Every structure is written in C-alpha cells, then in structure tokens.
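Asks: Okay, so here is final_24.tsv, and as you'll see once you scroll down, it has TSV, C-alpha atoms.
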chain	number	residue	atom	x	y	z
A	215	MET	CA	2.39	14.79	20.33
A	216	ARG	CA	-1.09	14.41	18.81
A	217	VAL	CA	-1.17	14.35	15.02
A	218	ILE	CA	-3.99	14.32	12.49
A	219	GLY	CA	-3.26	12.25	9.37
A	220	LEU	CA	-5.02	12.84	6.03
A	221	GLU	CA	-4.82	10.32	3.17
A	222	THR	CA	-6.21	11.36	-0.24
A	223	SER	CA	-3.77	9.88	-2.75
A	224	CYS	CA	-6.27	7.96	-4.88
A	225	ASP	CA	-9.79	6.65	-4.30
A	226	GLU	CA	-10.00	6.38	-0.51
A	227	THR	CA	-10.33	9.21	1.98
A	228	GLY	CA	-8.67	8.39	5.28
A	229	VAL	CA	-8.40	10.45	8.47
A	230	ALA	CA	-6.79	9.39	11.75
A	231	PHE	CA	-5.66	10.87	15.07
A	232	TYR	CA	-2.40	9.50	16.48
A	233	ASP	CA	-0.80	10.25	19.85
A	234	THR	CA	2.91	9.47	20.18
A	235	GLU	CA	2.34	8.46	23.81
A	236	ARG	CA	-1.08	6.75	23.67
A	237	GLY	CA	-1.04	5.37	20.13
A	238	LEU	CA	-3.88	5.49	17.64
A	239	LEU	CA	-6.86	7.33	19.13
A	240	ALA	CA	-9.38	7.11	16.26
A	241	HIS	CA	-9.53	6.62	12.51
A	242	ALA	CA	-12.10	6.60	9.72
A	243	LEU	CA	-12.03	5.61	6.06
A	244	TYR	CA	-14.34	6.27	3.12
A	245	SER	CA	-13.97	4.18	-0.04
A	246	GLN	CA	-14.99	5.49	-3.47
A	247	VAL	CA	-15.48	2.02	-5.01
A	248	SER	CA	-19.18	2.57	-5.71
A	249	LEU	CA	-18.35	5.91	-7.37
A	250	HIS	CA	-15.88	4.42	-9.86
A	251	GLU	CA	-17.24	0.91	-10.51
A	252	ASP	CA	-19.42	2.00	-13.45
A	253	TYR	CA	-16.25	3.20	-15.20
A	254	GLY	CA	-14.18	0.09	-14.47
A	255	GLY	CA	-11.44	2.14	-12.82
A	256	VAL	CA	-10.62	5.34	-10.94
A	257	VAL	CA	-11.69	8.58	-12.64
A	258	PRO	CA	-9.20	11.17	-11.28
A	259	GLU	CA	-11.52	14.20	-11.44
A	260	LEU	CA	-14.34	12.37	-9.67
A	261	ALA	CA	-11.89	11.13	-7.04
A	262	SER	CA	-10.65	14.66	-6.34
A	263	ARG	CA	-14.14	16.07	-5.99
A	264	ASP	CA	-15.18	13.31	-3.62
A	265	HIS	CA	-12.16	13.97	-1.40
A	266	VAL	CA	-13.32	17.60	-1.17
A	267	ARG	CA	-16.73	16.40	0.03
A	268	LYS	CA	-15.54	13.75	2.49
A	269	THR	CA	-12.34	14.97	4.19
A	270	LEU	CA	-13.73	17.56	6.60
A	271	PRO	CA	-16.74	15.44	7.69
A	272	LEU	CA	-14.35	12.56	8.41
A	273	LEU	CA	-12.08	14.90	10.34
A	274	LYS	CA	-15.00	15.96	12.55
A	275	GLN	CA	-15.97	12.30	13.02
A	276	VAL	CA	-12.46	11.26	14.08
A	277	LEU	CA	-12.12	14.13	16.56
A	278	SER	CA	-15.50	13.24	18.04
A	279	GLU	CA	-14.61	9.55	18.38
A	280	ALA	CA	-11.32	10.50	20.05
A	281	GLY	CA	-13.19	12.77	22.49
A	282	LEU	CA	-11.03	15.73	21.47
A	283	ASN	CA	-11.34	18.95	19.50
A	284	ARG	CA	-9.22	20.95	17.08
A	285	ALA	CA	-7.38	22.71	19.89
A	286	ASP	CA	-5.93	19.30	20.87
A	287	ILE	CA	-4.14	18.93	17.52
A	288	ASP	CA	-0.36	19.40	17.81
A	289	GLY	CA	0.49	18.72	14.16
A	290	VAL	CA	-0.96	17.77	10.79
A	291	ALA	CA	0.32	15.14	8.36
A	292	TYR	CA	-1.01	14.73	4.84
A	293	THR	CA	-0.09	12.52	1.91
A	294	ALA	CA	2.06	14.60	-0.47
A	295	GLY	CA	2.74	11.83	-3.00
A	296	PRO	CA	2.94	9.69	-4.96
A	297	GLY	CA	-0.59	9.46	-6.32
A	298	LEU	CA	-3.17	11.29	-8.41
A	299	ILE	CA	-2.11	14.93	-8.42
A	300	GLY	CA	-5.62	16.37	-8.05
A	301	ALA	CA	-6.47	14.04	-5.17
A	302	LEU	CA	-3.14	14.77	-3.47
A	303	LEU	CA	-3.68	18.52	-3.70
A	304	VAL	CA	-7.03	18.23	-1.92
A	305	GLY	CA	-5.44	16.65	1.15
A	306	ALA	CA	-2.39	18.91	0.99
A	307	ALA	CA	-4.50	22.08	0.79
A	308	ILE	CA	-6.79	21.01	3.62
A	309	GLY	CA	-3.94	19.76	5.79
A	310	ARG	CA	-1.69	22.78	5.33
A	311	SER	CA	-4.60	25.21	5.81
A	312	LEU	CA	-5.71	23.46	8.97
A	313	ALA	CA	-2.18	23.59	10.39
A	314	TRP	CA	-1.86	27.29	9.53
A	315	ALA	CA	-5.21	28.11	11.16
A	316	LEU	CA	-4.27	26.23	14.33
A	317	GLY	CA	-0.71	27.52	14.45
A	318	VAL	CA	0.81	24.03	14.43
A	319	PRO	CA	3.40	22.43	12.11
A	320	ALA	CA	2.45	20.36	9.07
A	321	VAL	CA	4.40	17.73	7.15
A	322	GLY	CA	3.87	16.08	3.76
A	323	VAL	CA	4.17	12.28	4.02
A	324	HIS	CA	5.31	9.85	1.35
A	325	HIS	CA	2.42	7.46	0.70
A	326	MET	CA	4.65	4.38	0.52
A	327	GLU	CA	6.54	5.36	3.68
A	328	GLY	CA	3.14	5.29	5.35
A	329	HIS	CA	2.56	1.75	4.10
A	330	LEU	CA	6.08	0.69	5.05
A	331	LEU	CA	5.65	1.91	8.63
A	332	ALA	CA	2.04	0.70	9.06
A	333	PRO	CA	3.14	-2.47	10.97
A	334	MET	CA	4.54	-0.13	13.65
A	335	LEU	CA	0.92	0.48	14.71
A	336	GLU	CA	0.64	-3.13	15.90
A	337	LYS	CA	1.32	-4.48	19.39
A	338	ASN	CA	4.39	-6.40	18.20
A	339	PRO	CA	6.12	-4.02	15.76
A	340	PRO	CA	9.30	-5.02	13.92
A	341	ALA	CA	12.64	-3.62	15.01
A	342	PHE	CA	15.06	-2.04	12.54
A	343	PRO	CA	16.70	-3.18	10.33
A	344	PHE	CA	14.39	-5.26	8.15
A	345	VAL	CA	13.56	-6.11	4.56
A	346	ALA	CA	10.28	-4.62	3.32
A	347	LEU	CA	8.12	-5.81	0.45
A	348	LEU	CA	5.92	-2.93	-0.71
A	349	VAL	CA	3.27	-4.45	-2.93
A	350	SER	CA	0.30	-2.45	-4.15
A	351	GLY	CA	-1.52	-1.27	-7.27
A	352	GLY	CA	1.27	1.12	-8.13
A	353	HIS	CA	4.38	-0.35	-6.50
A	354	THR	CA	6.24	-3.63	-6.15
A	355	GLN	CA	9.56	-2.97	-4.42
A	356	LEU	CA	11.96	-4.65	-2.06
A	357	MET	CA	13.65	-2.28	0.39
A	358	ARG	CA	16.27	-2.58	3.07
A	359	VAL	CA	15.03	-0.44	5.97
A	360	ASP	CA	17.55	0.72	8.59
A	361	GLY	CA	15.33	3.39	10.14
A	362	VAL	CA	12.74	6.01	9.25
A	363	GLY	CA	13.90	7.54	5.98
A	364	ARG	CA	16.88	5.16	5.77
A	365	TYR	CA	15.84	3.13	2.76
A	366	THR	CA	17.93	1.21	0.22
A	367	LEU	CA	16.19	-0.06	-2.90
A	368	LEU	CA	16.95	-3.74	-3.43
A	369	GLY	CA	14.59	-4.52	-6.28
A	370	ASP	CA	11.80	-2.89	-8.29
A	371	THR	CA	9.32	-3.89	-10.97
A	372	LEU	CA	10.42	-3.35	-14.56
A	373	ASP	CA	6.85	-2.89	-15.78
A	374	ASP	CA	3.50	-3.48	-14.04
A	375	ALA	CA	3.19	-3.56	-10.27
A	376	ALA	CA	1.69	-6.75	-8.86
A	377	GLY	CA	-1.58	-5.06	-7.91
A	378	GLU	CA	-1.83	-3.47	-11.35
A	379	ALA	CA	-1.29	-6.88	-12.97
A	380	PHE	CA	-4.06	-8.33	-10.78
A	381	ASP	CA	-6.46	-5.57	-11.85
A	382	LYS	CA	-5.63	-5.82	-15.57
A	383	THR	CA	-5.87	-9.61	-15.61
A	384	ALA	CA	-9.21	-9.43	-13.83
A	385	LYS	CA	-10.45	-7.02	-16.49
A	386	LEU	CA	-9.43	-9.27	-19.40
A	387	LEU	CA	-11.21	-12.15	-17.66
A	388	GLY	CA	-14.37	-10.04	-17.51
A	389	LEU	CA	-14.41	-9.56	-13.74
A	390	GLY	CA	-15.80	-6.50	-11.97
A	391	TYR	CA	-14.13	-3.55	-10.29
A	392	PRO	CA	-12.02	-3.55	-8.16
A	393	GLY	CA	-10.41	-6.35	-10.12
A	394	GLY	CA	-7.72	-7.61	-7.75
A	395	PRO	CA	-10.01	-8.72	-4.92
A	396	ALA	CA	-12.48	-10.16	-7.46
A	397	LEU	CA	-9.73	-12.26	-9.04
A	398	ALA	CA	-8.54	-13.48	-5.63
A	399	ARG	CA	-12.08	-14.56	-4.71
A	400	LEU	CA	-12.49	-16.40	-8.01
A	401	ALA	CA	-9.11	-18.10	-7.59
A	402	GLU	CA	-10.40	-19.81	-4.44
A	403	ARG	CA	-12.60	-21.98	-6.71
A	404	GLY	CA	-9.82	-22.71	-9.19
A	405	ASP	CA	-7.99	-26.00	-9.78
A	406	PRO	CA	-4.29	-25.36	-9.02
A	407	ALA	CA	-3.20	-28.29	-11.22
A	408	ARG	CA	-4.96	-27.38	-14.48
A	409	PHE	CA	-2.72	-24.53	-15.68
A	410	HIS	CA	0.86	-23.59	-14.86
A	411	PHE	CA	2.02	-20.02	-15.42
A	412	PRO	CA	5.70	-18.96	-15.50
A	413	ARG	CA	7.37	-17.38	-12.47
A	414	PRO	CA	8.97	-14.40	-14.20
A	415	MET	CA	12.62	-13.52	-13.49
A	416	THR	CA	13.05	-16.17	-10.80
A	417	ASN	CA	15.45	-18.25	-12.92
A	418	ARG	CA	18.10	-15.51	-12.89
A	419	PRO	CA	19.92	-13.65	-10.10
A	420	GLY	CA	18.61	-10.33	-8.84
A	421	LEU	CA	15.59	-8.94	-7.06
A	422	GLU	CA	13.73	-7.23	-9.92
A	423	PHE	CA	10.15	-8.10	-10.84
A	424	SER	CA	8.20	-8.26	-14.10
A	425	PHE	CA	4.49	-9.08	-14.26
A	426	SER	CA	3.46	-7.75	-17.67
A	427	GLY	CA	4.09	-11.07	-19.41
A	428	LEU	CA	1.76	-12.89	-17.01
A	429	LYS	CA	-1.16	-10.80	-18.30
A	430	THR	CA	-0.45	-11.93	-21.87
A	431	PHE	CA	-0.06	-15.53	-20.71
A	432	ALA	CA	-3.43	-15.31	-18.96
A	433	LEU	CA	-5.08	-13.82	-22.05
A	434	THR	CA	-3.78	-16.47	-24.46
A	435	THR	CA	-4.71	-19.23	-21.98
A	436	TRP	CA	-8.22	-17.80	-21.66
A	437	GLN	CA	-8.62	-17.55	-25.44
A	438	ALA	CA	-7.48	-21.16	-25.90
A	439	SER	CA	-9.69	-22.52	-23.10
A	440	ALA	CA	-13.30	-23.64	-23.17
A	441	GLY	CA	-14.27	-20.16	-21.97
A	442	ASP	CA	-16.52	-21.46	-19.21
A	443	GLU	CA	-16.67	-20.29	-15.61
A	444	GLN	CA	-14.45	-23.09	-14.33
A	445	ALA	CA	-11.76	-22.22	-16.86
A	446	ARG	CA	-11.96	-18.61	-15.70
A	447	ALA	CA	-11.49	-19.72	-12.08
A	448	ASP	CA	-8.61	-22.04	-12.98
A	449	ILE	CA	-6.80	-19.26	-14.87
A	450	ALA	CA	-7.33	-16.90	-11.94
A	451	ARG	CA	-5.81	-19.50	-9.62
A	452	ALA	CA	-2.82	-20.10	-11.90
A	453	PHE	CA	-2.21	-16.36	-12.23
A	454	GLU	CA	-2.44	-15.74	-8.48
A	455	ASP	CA	-0.14	-18.68	-7.72
A	456	ALA	CA	2.45	-17.35	-10.18
A	457	VAL	CA	2.44	-13.86	-8.66
A	458	VAL	CA	2.53	-15.19	-5.09
A	459	ASP	CA	5.36	-17.63	-5.81
A	460	THR	CA	7.38	-14.92	-7.57
A	461	LEU	CA	7.02	-12.49	-4.67
A	462	ALA	CA	7.85	-15.19	-2.11
A	463	ILE	CA	10.96	-16.37	-3.98
A	464	LYS	CA	12.29	-12.82	-4.28
A	465	CYS	CA	11.58	-12.08	-0.61
A	466	ARG	CA	13.50	-15.14	0.52
A	467	ARG	CA	16.34	-14.17	-1.79
A	468	ALA	CA	16.40	-10.65	-0.32
A	469	LEU	CA	16.57	-12.01	3.23
A	470	GLU	CA	19.43	-14.32	2.29
A	471	GLN	CA	21.37	-11.58	0.48
A	472	THR	CA	21.03	-9.04	3.30
A	473	GLY	CA	21.37	-11.50	6.17
A	474	LEU	CA	18.35	-9.92	7.88
A	475	VAL	CA	15.76	-11.96	9.77
A	476	ARG	CA	12.73	-9.65	9.69
A	477	LEU	CA	10.42	-9.15	6.70
A	478	VAL	CA	7.73	-6.46	6.57
A	479	VAL	CA	4.99	-6.84	3.96
A	480	ALA	CA	2.76	-3.83	3.33
A	481	GLY	CA	0.48	-2.32	0.68
A	482	GLY	CA	-2.90	-3.38	-0.66
A	483	VAL	CA	-1.76	-6.74	-2.04
A	484	SER	CA	-0.40	-7.71	1.39
A	485	ALA	CA	-4.00	-8.52	2.34
A	486	ASN	CA	-3.98	-11.47	-0.09
A	487	VAL	CA	-4.40	-14.65	1.97
A	488	GLY	CA	-2.41	-16.82	-0.42
A	489	LEU	CA	0.52	-14.41	-0.32
A	490	ARG	CA	0.54	-14.32	3.47
A	491	THR	CA	0.54	-18.12	3.69
A	492	ARG	CA	3.33	-18.51	1.13
A	493	LEU	CA	5.51	-15.81	2.70
A	494	GLN	CA	5.19	-17.45	6.11
A	495	GLU	CA	6.53	-20.66	4.57
A	496	GLU	CA	9.45	-18.95	2.85
A	497	ALA	CA	10.34	-16.89	5.91
A	498	ALA	CA	10.34	-20.01	8.08
A	499	ARG	CA	12.81	-21.65	5.67
A	500	ALA	CA	15.02	-18.58	5.95
A	501	GLY	CA	14.71	-18.43	9.75
A	502	ALA	CA	12.92	-15.08	9.54
A	503	THR	CA	9.77	-13.51	10.97
A	504	VAL	CA	7.10	-11.80	8.84
A	505	TYR	CA	5.26	-8.67	9.98
A	506	TYR	CA	2.06	-7.27	8.47
A	507	PRO	CA	-0.26	-4.39	9.27
A	508	ARG	CA	-3.76	-5.48	10.27
A	509	LEU	CA	-6.04	-6.03	7.27
A	510	GLU	CA	-7.80	-2.66	7.60
A	511	PHE	CA	-4.41	-0.92	7.35
A	512	CYS	CA	-3.19	-2.84	4.29
A	513	THR	CA	-5.15	-0.59	1.94
A	514	ASP	CA	-4.79	3.20	1.95
A	515	ASN	CA	-5.69	4.73	5.32
A	516	GLY	CA	-5.14	7.79	7.48
A	517	ALA	CA	-3.58	5.91	10.39
A	518	MET	CA	-0.38	5.10	8.52
A	519	ILE	CA	-0.04	8.75	7.43
A	520	ALA	CA	-0.63	10.00	10.97
A	521	TYR	CA	2.02	7.61	12.34
A	522	ALA	CA	4.64	8.39	9.69
A	523	GLY	CA	3.94	12.11	9.99
A	524	ALA	CA	4.22	12.00	13.77
A	525	GLN	CA	7.74	10.52	13.52
A	526	ARG	CA	8.86	13.32	11.22
A	527	LEU	CA	7.12	16.11	13.13
A	528	ARG	CA	8.58	14.87	16.39
A	529	ALA	CA	12.05	15.03	14.78
A	530	GLY	CA	11.46	18.69	13.89
A	531	GLN	CA	10.57	18.31	10.22
A	532	ALA	CA	7.86	20.70	8.94
A	533	GLU	CA	6.65	22.21	5.68
A	534	PRO	CA	6.67	25.91	4.73
A	535	LEU	CA	3.39	27.62	3.91
A	536	ALA	CA	4.01	26.99	0.20
A	537	PHE	CA	2.99	23.32	0.04
A	538	THR	CA	3.25	21.02	-2.97
A	539	ALA	CA	2.48	17.47	-4.05
A	540	TRP	CA	4.37	14.93	-6.17
A	541	PRO	CA	2.58	12.39	-8.40
A	542	ARG	CA	5.94	10.58	-8.63
A	543	TRP	CA	8.34	10.54	-5.70
A	544	PRO	CA	11.12	7.96	-5.15
A	545	LEU	CA	11.09	6.62	-1.61
A	546	THR	CA	14.88	6.70	-1.47
A	547	GLU	CA	14.85	10.53	-1.76
A	548	LEU	CA	13.32	11.00	1.69
A	549	THR	CA	15.26	12.72	4.46
A	550	PRO	CA	16.55	10.14	6.97
A	551	LEU	CA	15.67	10.76	10.61
A	552	PRO	CA	18.32	10.45	13.31
A	553	ALA	CA	18.79	6.87	14.51
Please render this file's structure as structure tokens.
Replies:
Amino acid sequence: MRVIGLETSCDETGVAFYDTERGLLAHALYSQVSLHEDYGGVVPELASRDHVRKTLPLLKQVLSEAGLNRADIDGVAYTAGPGLIGALLVGAAIGRSLAWALGVPAVGVHHMEGHLLAPMLEKNPPAFPFVALLVSGGHTQLMRVDGVGRYTLLGDTLDDAAGEAFDKTAKLLGLGYPGGPALARLAERGDPARFHFPRPMTNRPGLEFSFSGLKTFALTTWQASAGDEQARADIARAFEDAVVDTLAIKCRRALEQTGLVRLVVAGGVSANVGLRTRLQEEAARAGATVYYPRLEFCTDNGAMIAYAGAQRLRAGQAEPLAFTAWPRWPLTELTPLPA
C-alpha cells in the first residue's frame, strides 16, 4: 500500500510517500524558521498561510522524486492533531480532498504517534513492547508501548515541556529563534562546573516532570552573574545538563518499573547530542537498548505521518468525508490496532 503523508501541525511543511512493501520512497520538508524569526516565535496565521503555499508544490516534488504520479496513491494520511488549529486544518483539508478526488481512503494521524513510530523507519526498528520518551516543544511524556495505538501513560510534565523550557530559557538569555538549538550550541562552550541547577522531581518517586522552575533558576542565576558571554554559556550548560539528567533519570526509572529493555526516544529534543549520550549511559546501566529516529526525522516531518497512517489504513481505519482536527488530543485515546 502506497501512502502520502502530510505534516502541517506547526511551522514545518512535510510531505512523504511511503510504501508498506518497499519502505520510504521519497520525502521533502520546508521549514518556516526564516518566516517567524523576526517575531521570536511562531505566528499561527502566518504558519497557516505558508502551509497553503507550500503543501501542493512539495507533494508534486515528492511524487516526482519517487518516479510516480497521483494515480499510484493508495491512501492519504494527514496530521489531525495536536497542533495549531489553523495549520492542522490546511493539511486536513488538502489531504481529505486529495483522497476524495482519487477515490482512496484517508486517515487523520496523531502527531505524537507519528513521532513515537518514527524509529520504525530505520533498518533496525524496535520490537514491541518498549518504553517511549516523547520529548518536544509541546510534550514531555513517558509511555509504555505494547503496539500501535496500545499506549499507557507512565509520566507527563506538570507544566512546561522540555523543548518549551529550552526555548523560554534561550529567550531570557537573549538568544535568537529557534531558541532550543541556539541554547544547545551555546552550552557547548559552557563550563559544566561553574553552576549547578536542580534536577526537578528526581528526589521523589514517580515519573512526572516539571521544568518551569528551571527557567526561574536560570533567570536569577543570569541576573546575579557578571552578565558576560561566558556566564551566558555557563548558564546554558548548567540548564541543559539539568534537563538531560532529569530526563535520563526518569527514563531509567521507567525501564526498571516496567521491566522492559527497549527505550525509544523521539521528538525534536531527541536530536540533542547531550541527551543521546546520557541516555545511552543510563540504558546501559539498566541493560536496555535505546532507539532513535535519524536526525532528519526527529523534528516534524511527513515520513512519520506517512508511516503511522499506513499502519492504520492497512488495518482498515479511514475517515468520513467530514474531517476535523484537534489542537489537543491525548495519545491514550487512540484506537488500538490488532496485535
């Protein structure tokens, strides 16, 4: 089954063509960073309009690169949530209309299910069951995954997601947009011994997260420092180390509590080099193996939507003509597929 995947949940337009027998045939991604950087963050209306401009040209590009045409499409998958409602509706309208015109089924995909299943696109995919750390600008969650749609929430953030905390801390330090990657680059020049930030909620049982207090700690440390560039880099390093250690400690705890030996890490923050290194160390101590998507599939992309959609379409799931989108959508509400 050959499926087109459309991703338009926020500020990146992604299109991909996935074949359930041959794998990923082609994919393309357009980032809106240059469009939003003057505003210091994503402007929802501008994001929606740019998706309107970019989705169909990217679709034509992907079909051309795959050496196929629209008649070769057996199904369409589009991100139906969570995300910016205007941006979601662009992809949903295009995806459902395309499927209707071609006479093929369409399915709305949960954005975070796409991230969770992205490692399945690799040559050595994880087998079920596994623990998944979903860590992005909008989510920080630990899940037990027993199959597609078979998700049990183990721990969630009580306030800011890790990626959101990265972005907000970068902003208070006066760094550019996007803030998370800028802070990570600055942290490479920081002295890890100068400042020590707390590891929130690691001194108590449970798998919940809280990163809001780290932003305040970073701000007060910055205000009390010399205010020079080295102090900025040292604070960035201390902040990154605190987030990475917290995530790693909770992941090891989740593996120990579930007795599972496979850990999947997905979402935009999973591209962080320090996090990958630290998780490898913790997983080794727990006798577990860590799986990631390739770096280009850590951020939002069409390939993960095409893959997740293909699994659901192949199982017979499809949307009616009356499509919708959900800015908020718990992952645990998804329909489980047969084992």
Asks: Output, as JSON, the centre and edge lengths in Å (one decimal) of the axis-aligned box that contains all listed atoms of stretch 222-226 of chain A with 3 Å of margin on each side.
Replies:
{"center_x": -6.9, "center_y": 8.9, "center_z": -2.6, "size_x": 12.2, "size_y": 11.0, "size_z": 10.6}
Asks: Considering only C-alpha atoms, can you say which of A:Phe431, A:Tyr521, A:Phe425, A:Tyr253 comes closest to A:Val229?
Replies: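 Among A:Phe431, A:Tyr521, A:Phe425, A:Tyr253, it is A:Tyr521 that comes nearest to A:Val229.
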Asks: Taking 6 positions as the minimum chain separation for residues in the same chain, which residues sit within 8 Å of stretch 256-258 of chain A when counting only C-alpha atoms? Answer as a ChimeraX atom specification.
Replies: /A:224-225,250,298,300-301
Asks: Contacts of A:Phe537 at 9 Å or less, counting all atoms listed in the file, minus same-chain residues fewer than 2 places along, as a ChimeraX atom specification?
Replies: /A:294,306-307,310,322,533-535,539
Asks: Within 12 Å of stretch 330-352 of chain A, which residues of stretch 482-516 of chain A show up? Give each one with its shortest atom-to-atom distance in Å (one decimal) and the two atoms involved, counting all atoms listed in the file, rows by chain then rising residue number, as a tab-separated table.
Replies:
residue	atom	partner	partner_atom	distance
A:Gly482	CA	A:Ser350	CA	4.8
A:Val483	CA	A:Ser350	CA	5.2
A:Ser484	CA	A:Val349	CA	6.5
A:Ala485	CA	A:Val349	CA	9.9
A:Asn486	CA	A:Val349	CA	10.5
A:Leu489	CA	A:Val349	CA	10.7
A:Arg490	CA	A:Leu347	CA	11.8
A:Leu493	CA	A:Leu347	CA	10.6
A:Ala497	CA	A:Val345	CA	11.3
A:Ala502	CA	A:Phe344	CA	10.0
A:Thr503	CA	A:Pro340	CA	9.0
A:Val504	CA	A:Pro340	CA	8.8
A:Tyr505	CA	A:Pro333	CA	6.6
A:Tyr506	CA	A:Pro333	CA	5.5
A:Pro507	CA	A:Pro333	CA	4.3
A:Arg508	CA	A:Glu336	CA	7.5
A:Leu509	CA	A:Pro333	CA	10.5
A:Glu510	CA	A:Ala332	CA	10.5
A:Phe511	CA	A:Ala332	CA	6.9
A:Cys512	CA	A:Ala332	CA	7.9
A:Thr513	CA	A:Ser350	CA	8.4
A:Asp514	CA	A:Ser350	CA	9.7
A:Asn515	CA	A:Ala332	CA	9.5
A:Gly516	CA	A:Ala332	CA	10.2
Asks: Have a look at atom CA of A:Ala532 and atom CA of A:Ala291 and let me know their distance in Å, one decimal.
Replies: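 If I compute the distance from atom CA of A:Ala532 to atom CA of A:Ala291, I get 9.4 Å.
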Asks: What would stretch 417-437 of chain A look like with N, CA, C and O atoms restored, written as a tab-separated table (two decimals), in the coordinates of the input?
Replies:
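Dumped everything to result-v2.tsv:
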chain	number	residue	atom	x	y	z
A	417	ASN	N	14.40	-17.33	-12.48
A	417	ASN	CA	15.45	-18.25	-12.92
A	417	ASN	C	16.76	-17.53	-13.21
A	417	ASN	O	17.63	-18.06	-13.90
A	418	ARG	N	16.88	-16.29	-12.72
A	418	ARG	CA	18.10	-15.51	-12.89
A	418	ARG	C	18.38	-14.77	-11.58
A	418	ARG	O	17.47	-14.54	-10.80
A	419	PRO	N	19.62	-14.38	-11.34
A	419	PRO	CA	19.92	-13.65	-10.10
A	419	PRO	C	19.29	-12.26	-10.12
A	419	PRO	O	18.94	-11.72	-11.17
A	420	GLY	N	19.17	-11.68	-8.93
A	420	GLY	CA	18.61	-10.33	-8.84
A	420	GLY	C	17.27	-10.31	-8.15
A	420	GLY	O	16.65	-11.36	-7.90
A	421	LEU	N	16.82	-9.12	-7.83
A	421	LEU	CA	15.59	-8.94	-7.06
A	421	LEU	C	14.56	-8.09	-7.81
A	421	LEU	O	13.62	-7.59	-7.20
A	422	GLU	N	14.71	-7.96	-9.13
A	422	GLU	CA	13.73	-7.23	-9.92
A	422	GLU	C	12.51	-8.10	-10.19
A	422	GLU	O	12.56	-9.33	-10.12
A	423	PHE	N	11.40	-7.42	-10.54
A	423	PHE	CA	10.15	-8.10	-10.84
A	423	PHE	C	9.68	-7.71	-12.25
A	423	PHE	O	10.02	-6.65	-12.76
A	424	SER	N	8.87	-8.57	-12.84
A	424	SER	CA	8.20	-8.26	-14.10
A	424	SER	C	6.91	-9.08	-14.16
A	424	SER	O	6.95	-10.31	-14.11
A	425	PHE	N	5.78	-8.39	-14.25
A	425	PHE	CA	4.49	-9.08	-14.26
A	425	PHE	C	3.70	-8.86	-15.54
A	425	PHE	O	2.63	-9.45	-15.71
A	426	SER	N	4.20	-8.05	-16.45
A	426	SER	CA	3.46	-7.75	-17.67
A	426	SER	C	3.21	-9.00	-18.51
A	426	SER	O	2.13	-9.19	-19.07
A	427	GLY	N	4.23	-9.87	-18.61
A	427	GLY	CA	4.09	-11.07	-19.41
A	427	GLY	C	3.03	-12.02	-18.89
A	427	GLY	O	2.42	-12.78	-19.67
A	428	LEU	N	2.79	-12.01	-17.58
A	428	LEU	CA	1.76	-12.89	-17.01
A	428	LEU	C	0.38	-12.52	-17.51
A	428	LEU	O	-0.49	-13.38	-17.67
A	429	LYS	N	0.14	-11.23	-17.76
A	429	LYS	CA	-1.16	-10.80	-18.30
A	429	LYS	C	-1.37	-11.40	-19.68
A	429	LYS	O	-2.46	-11.92	-19.98
A	430	THR	N	-0.35	-11.36	-20.53
A	430	THR	CA	-0.45	-11.93	-21.87
A	430	THR	C	-0.64	-13.43	-21.80
A	430	THR	O	-1.44	-14.00	-22.55
A	431	PHE	N	0.07	-14.08	-20.88
A	431	PHE	CA	-0.06	-15.53	-20.71
A	431	PHE	C	-1.49	-15.88	-20.29
A	431	PHE	O	-2.08	-16.84	-20.78
A	432	ALA	N	-2.06	-15.07	-19.39
A	432	ALA	CA	-3.43	-15.31	-18.96
A	432	ALA	C	-4.41	-15.12	-20.11
A	432	ALA	O	-5.37	-15.89	-20.27
A	433	LEU	N	-4.18	-14.09	-20.93
A	433	LEU	CA	-5.08	-13.82	-22.05
A	433	LEU	C	-5.05	-14.95	-23.07
A	433	LEU	O	-6.12	-15.44	-23.50
A	434	THR	N	-3.86	-15.40	-23.46
A	434	THR	CA	-3.78	-16.47	-24.46
A	434	THR	C	-4.34	-17.78	-23.90
A	434	THR	O	-4.96	-18.56	-24.63
A	435	THR	N	-4.14	-18.03	-22.60
A	435	THR	CA	-4.71	-19.23	-21.98
A	435	THR	C	-6.24	-19.17	-21.98
A	435	THR	O	-6.91	-20.16	-22.26
A	436	TRP	N	-6.77	-17.99	-21.68
A	436	TRP	CA	-8.22	-17.80	-21.66
A	436	TRP	C	-8.80	-17.98	-23.07
A	436	TRP	O	-9.84	-18.62	-23.25
A	437	GLN	N	-8.13	-17.45	-24.07
A	437	GLN	CA	-8.62	-17.55	-25.44
A	437	GLN	C	-8.58	-18.99	-25.95
A	437	GLN	O	-9.40	-19.38	-26.79
